[in-house]
Amino acid sequence: MTFVLLSIENLGSTILSKWSRISGFILIIFMGFLMGQGNALVIPDYELYMNSYDFGWSNFESGYTFLVGLGKSLGLEYSDFRQIITIVFSLILVISINRITSNVALVAFLYSISLFVFDAIQIRNFMMLSLVVLAFSFLNEKKIKNYVVSIFIILIATTFHTLAIAFLIPVALSVLSYKIQRYLIMFLVTFELIFVFLMRFIGDDVIAILQIILRTFSSRSLAVQSISSVYRNTANISSGILAIVVSTLQLAIIFYFMSKSDNLNKIIIWMLPMMTLGIISVFMMQISADYCRLLRNTNLFAFIIIAVILDGMHKSAKKINVQRFWLTTFSIVLAVGSFLIQFILYPDARMAIPYIIQLLKY
């Protein structure tokens with residue numbers, strides 16, 4: 001019940017605009033503590049991580065493997081090692097969020113009701129994401145030193161999960177002018193709808209065409225054989241539609257409310273490029289459902305951007321307070337949608353959720 005109460009308290013802190021930093025800090029660190037809990041009977045992937053640690057496997061990226069070696073050299077059991085790294089990376093995450101926005105409670109609340117339970121299972125993704133948020137906290141100006149630091153941290157993040165390499169896309173796009181960024185993302189939204197339609201309704205024909213092209217121009221028969229299986233491992237219709245709705249909704253929320261905020265300096269250069277990556281992730285989900293975690297990761301950045309916009313809304317005028325209410329409401333809808341996508345695509349995680357959030361005991 002502690003998790004539920006802390007989440008409710010963070011929502012209250014957001015509404016009242018009080019104690020946001022401390023409330024968000026406590027909730028995020030507590031979520032880090034919960035990530036470190038669990039056992040192999042309930043938590044998917046726990047046994048894999050435990051066996052990898054106990055037997056010294058090198059089946060994960062080098063950064064995580066290095067920490068495993070460090071933990072074993074200190075004589076830590078896997079349960080202790082897991083607890084330490086999840087709290088440490090939670091601390092990195094909350095510090096990174098705090099560097100971008102003072103409205104930490106809103107980000108913590110939205111994360112707690114949407115993405116947290118899945119990151120508690122896929123802890124390498126969480127470790128990577130914490131570092132990526134840190135990287136973008138430095139990208140507040142178009143200066144070479146800012147880009148060097150951001151890219152360096154992202155490269156470190158790839159040593160915990162290779163998906164971090166995708167975040168070099170918004171870094172690259174951030175050098176474009178804001179006007180070009182707007183045109184690019186509008187084009188991608190339009191193309192997204194067309195592409196999803198093609199994959200959903202004439203997907204077999206698309207796959208057949210790809211196979212013909214590969215047979216004609218490639219001598220690799222394995223590529224022809226595997227293209228069908230890969231492209232058929234796509235998100236189902238319900239999750240696909242939800243992904244389109246979520247990626248478009250987070251973009252629409254930001255576009256509508258950003259003009260009502262005067263506090264976008266820290267995120268203006270990467271705000272739209274990050275949402276562009278969210279749109280790209282929907283394309284990728286039509287190829288493989290596993291790319292839903294890329295959309296999930298961009299959702300956290302959407303929460304951070306919304307928190308920054310909320311920071312810049314003055315609290316005195318009644319009209320502004322109404323706008324703050326609607327922005328908070330829409331962000332909760334976005335968080336619920338983000339949760340549902342993962343819930344649909346990761347059925348093995350469903351049983352673990354009540355244990356992760358302490359409604360049931362391990």
# chains A, B, ... in the order shown; residues from 1 in each chain; ligands from 1
>>> residues_around(residues="segment 99-106 of chain A", least_positions_apart="3", cutoff="10 Å", atoms="only C-alpha atoms", output="JSON, numbers by chain")
{"A": [7, 9, 10, 11, 12, 13, 14, 15, 17, 18, 19, 20, 21, 22, 23, 24, 25, 26, 27, 28, 93, 94, 95, 96, 109, 110, 111, 112, 133, 134, 136, 137, 138, 139, 140, 263, 264, 265, 266, 267, 303, 304, 305, 306, 307, 308, 309, 310, 311, 312, 328, 331, 332]}
>>> residues_around(residues="segment 117-126 of chain A", least_positions_apart="3", cutoff="7 Å", atoms="only C-alpha atoms", output="list in words")
Met35, Ile43, Pro44, Asp45, Leu129, Ser130, Phe160, His161, Ile353 and Ile356 of chain A
>>> write_last_selection(atoms="N, CA, C and O atoms", output="PDB file, in the first residue's frame")
ATOM      1  N   MET A  35      11.939  -2.171  -7.379  1.00  0.00           N
ATOM      2  CA  MET A  35      12.557  -2.874  -8.510  1.00  0.00           C
ATOM      3  C   MET A  35      13.574  -3.899  -8.033  1.00  0.00           C
ATOM      4  O   MET A  35      13.783  -4.932  -8.677  1.00  0.00           O
ATOM      5  N   ILE A  43       8.578 -12.786 -10.831  1.00  0.00           N
ATOM      6  CA  ILE A  43       9.047 -11.739 -11.745  1.00  0.00           C
ATOM      7  C   ILE A  43       9.659 -12.348 -13.005  1.00  0.00           C
ATOM      8  O   ILE A  43      10.660 -13.066 -12.922  1.00  0.00           O
ATOM      9  N   PRO A  44       9.072 -12.087 -14.177  1.00  0.00           N
ATOM     10  CA  PRO A  44       9.693 -12.563 -15.420  1.00  0.00           C
ATOM     11  C   PRO A  44      11.101 -11.991 -15.560  1.00  0.00           C
ATOM     12  O   PRO A  44      11.360 -10.862 -15.163  1.00  0.00           O
ATOM     13  N   ASP A  45      11.995 -12.739 -16.107  1.00  0.00           N
ATOM     14  CA  ASP A  45      13.398 -12.360 -16.348  1.00  0.00           C
ATOM     15  C   ASP A  45      14.255 -12.391 -15.092  1.00  0.00           C
ATOM     16  O   ASP A  45      15.490 -12.318 -15.190  1.00  0.00           O
ATOM     17  N   LEU A 129      17.613   3.905 -19.571  1.00  0.00           N
ATOM     18  CA  LEU A 129      16.742   5.072 -19.656  1.00  0.00           C
ATOM     19  C   LEU A 129      17.169   6.156 -18.672  1.00  0.00           C
ATOM     20  O   LEU A 129      17.123   7.353 -18.994  1.00  0.00           O
ATOM     21  N   SER A 130      17.583   5.764 -17.489  1.00  0.00           N
ATOM     22  CA  SER A 130      18.049   6.736 -16.494  1.00  0.00           C
ATOM     23  C   SER A 130      19.236   7.529 -17.030  1.00  0.00           C
ATOM     24  O   SER A 130      19.317   8.754 -16.865  1.00  0.00           O
ATOM     25  N   PHE A 160      24.447  -0.684 -21.425  1.00  0.00           N
ATOM     26  CA  PHE A 160      23.462  -1.321 -20.544  1.00  0.00           C
ATOM     27  C   PHE A 160      22.280  -1.870 -21.341  1.00  0.00           C
ATOM     28  O   PHE A 160      21.687  -2.865 -20.958  1.00  0.00           O
ATOM     29  N   HIS A 161      21.956  -1.202 -22.430  1.00  0.00           N
ATOM     30  CA  HIS A 161      20.937  -1.703 -23.357  1.00  0.00           C
ATOM     31  C   HIS A 161      21.182  -1.039 -24.705  1.00  0.00           C
ATOM     32  O   HIS A 161      21.234   0.192 -24.805  1.00  0.00           O
ATOM     33  N   ILE A 353       2.466  -7.786 -11.623  1.00  0.00           N
ATOM     34  CA  ILE A 353       2.152  -6.395 -11.273  1.00  0.00           C
ATOM     35  C   ILE A 353       1.703  -6.220  -9.823  1.00  0.00           C
ATOM     36  O   ILE A 353       2.252  -5.362  -9.107  1.00  0.00           O
ATOM     37  N   ILE A 356       4.734  -6.452  -7.599  1.00  0.00           N
ATOM     38  CA  ILE A 356       5.687  -5.346  -7.746  1.00  0.00           C
ATOM     39  C   ILE A 356       5.221  -4.121  -6.966  1.00  0.00           C
ATOM     40  O   ILE A 356       6.018  -3.445  -6.313  1.00  0.00           O
TER      41      ILE A 356
END
>>> closest_residue(among="A:Phe255, A:Phe116, A:Tyr53, A:Tyr291", to="Ile185 of chain A", atoms="only C-alpha atoms")
A:Phe255
>>> closest_residue(among="A:Phe283, A:Leu115, A:Met258, A:Ala164", to="Leu188 of chain A", atoms="only C-alpha atoms")
A:Phe283
>>> closest_residue(among="A:Phe339, A:Phe55, A:Phe257, A:Phe30", to="Val88 of chain A", atoms="only C-alpha atoms")
A:Phe30
>>> closest_residue(among="A:Arg324, A:Val148, A:Ile357, A:Leu272", to="Leu16 of chain A", atoms="only C-alpha atoms")
A:Arg324
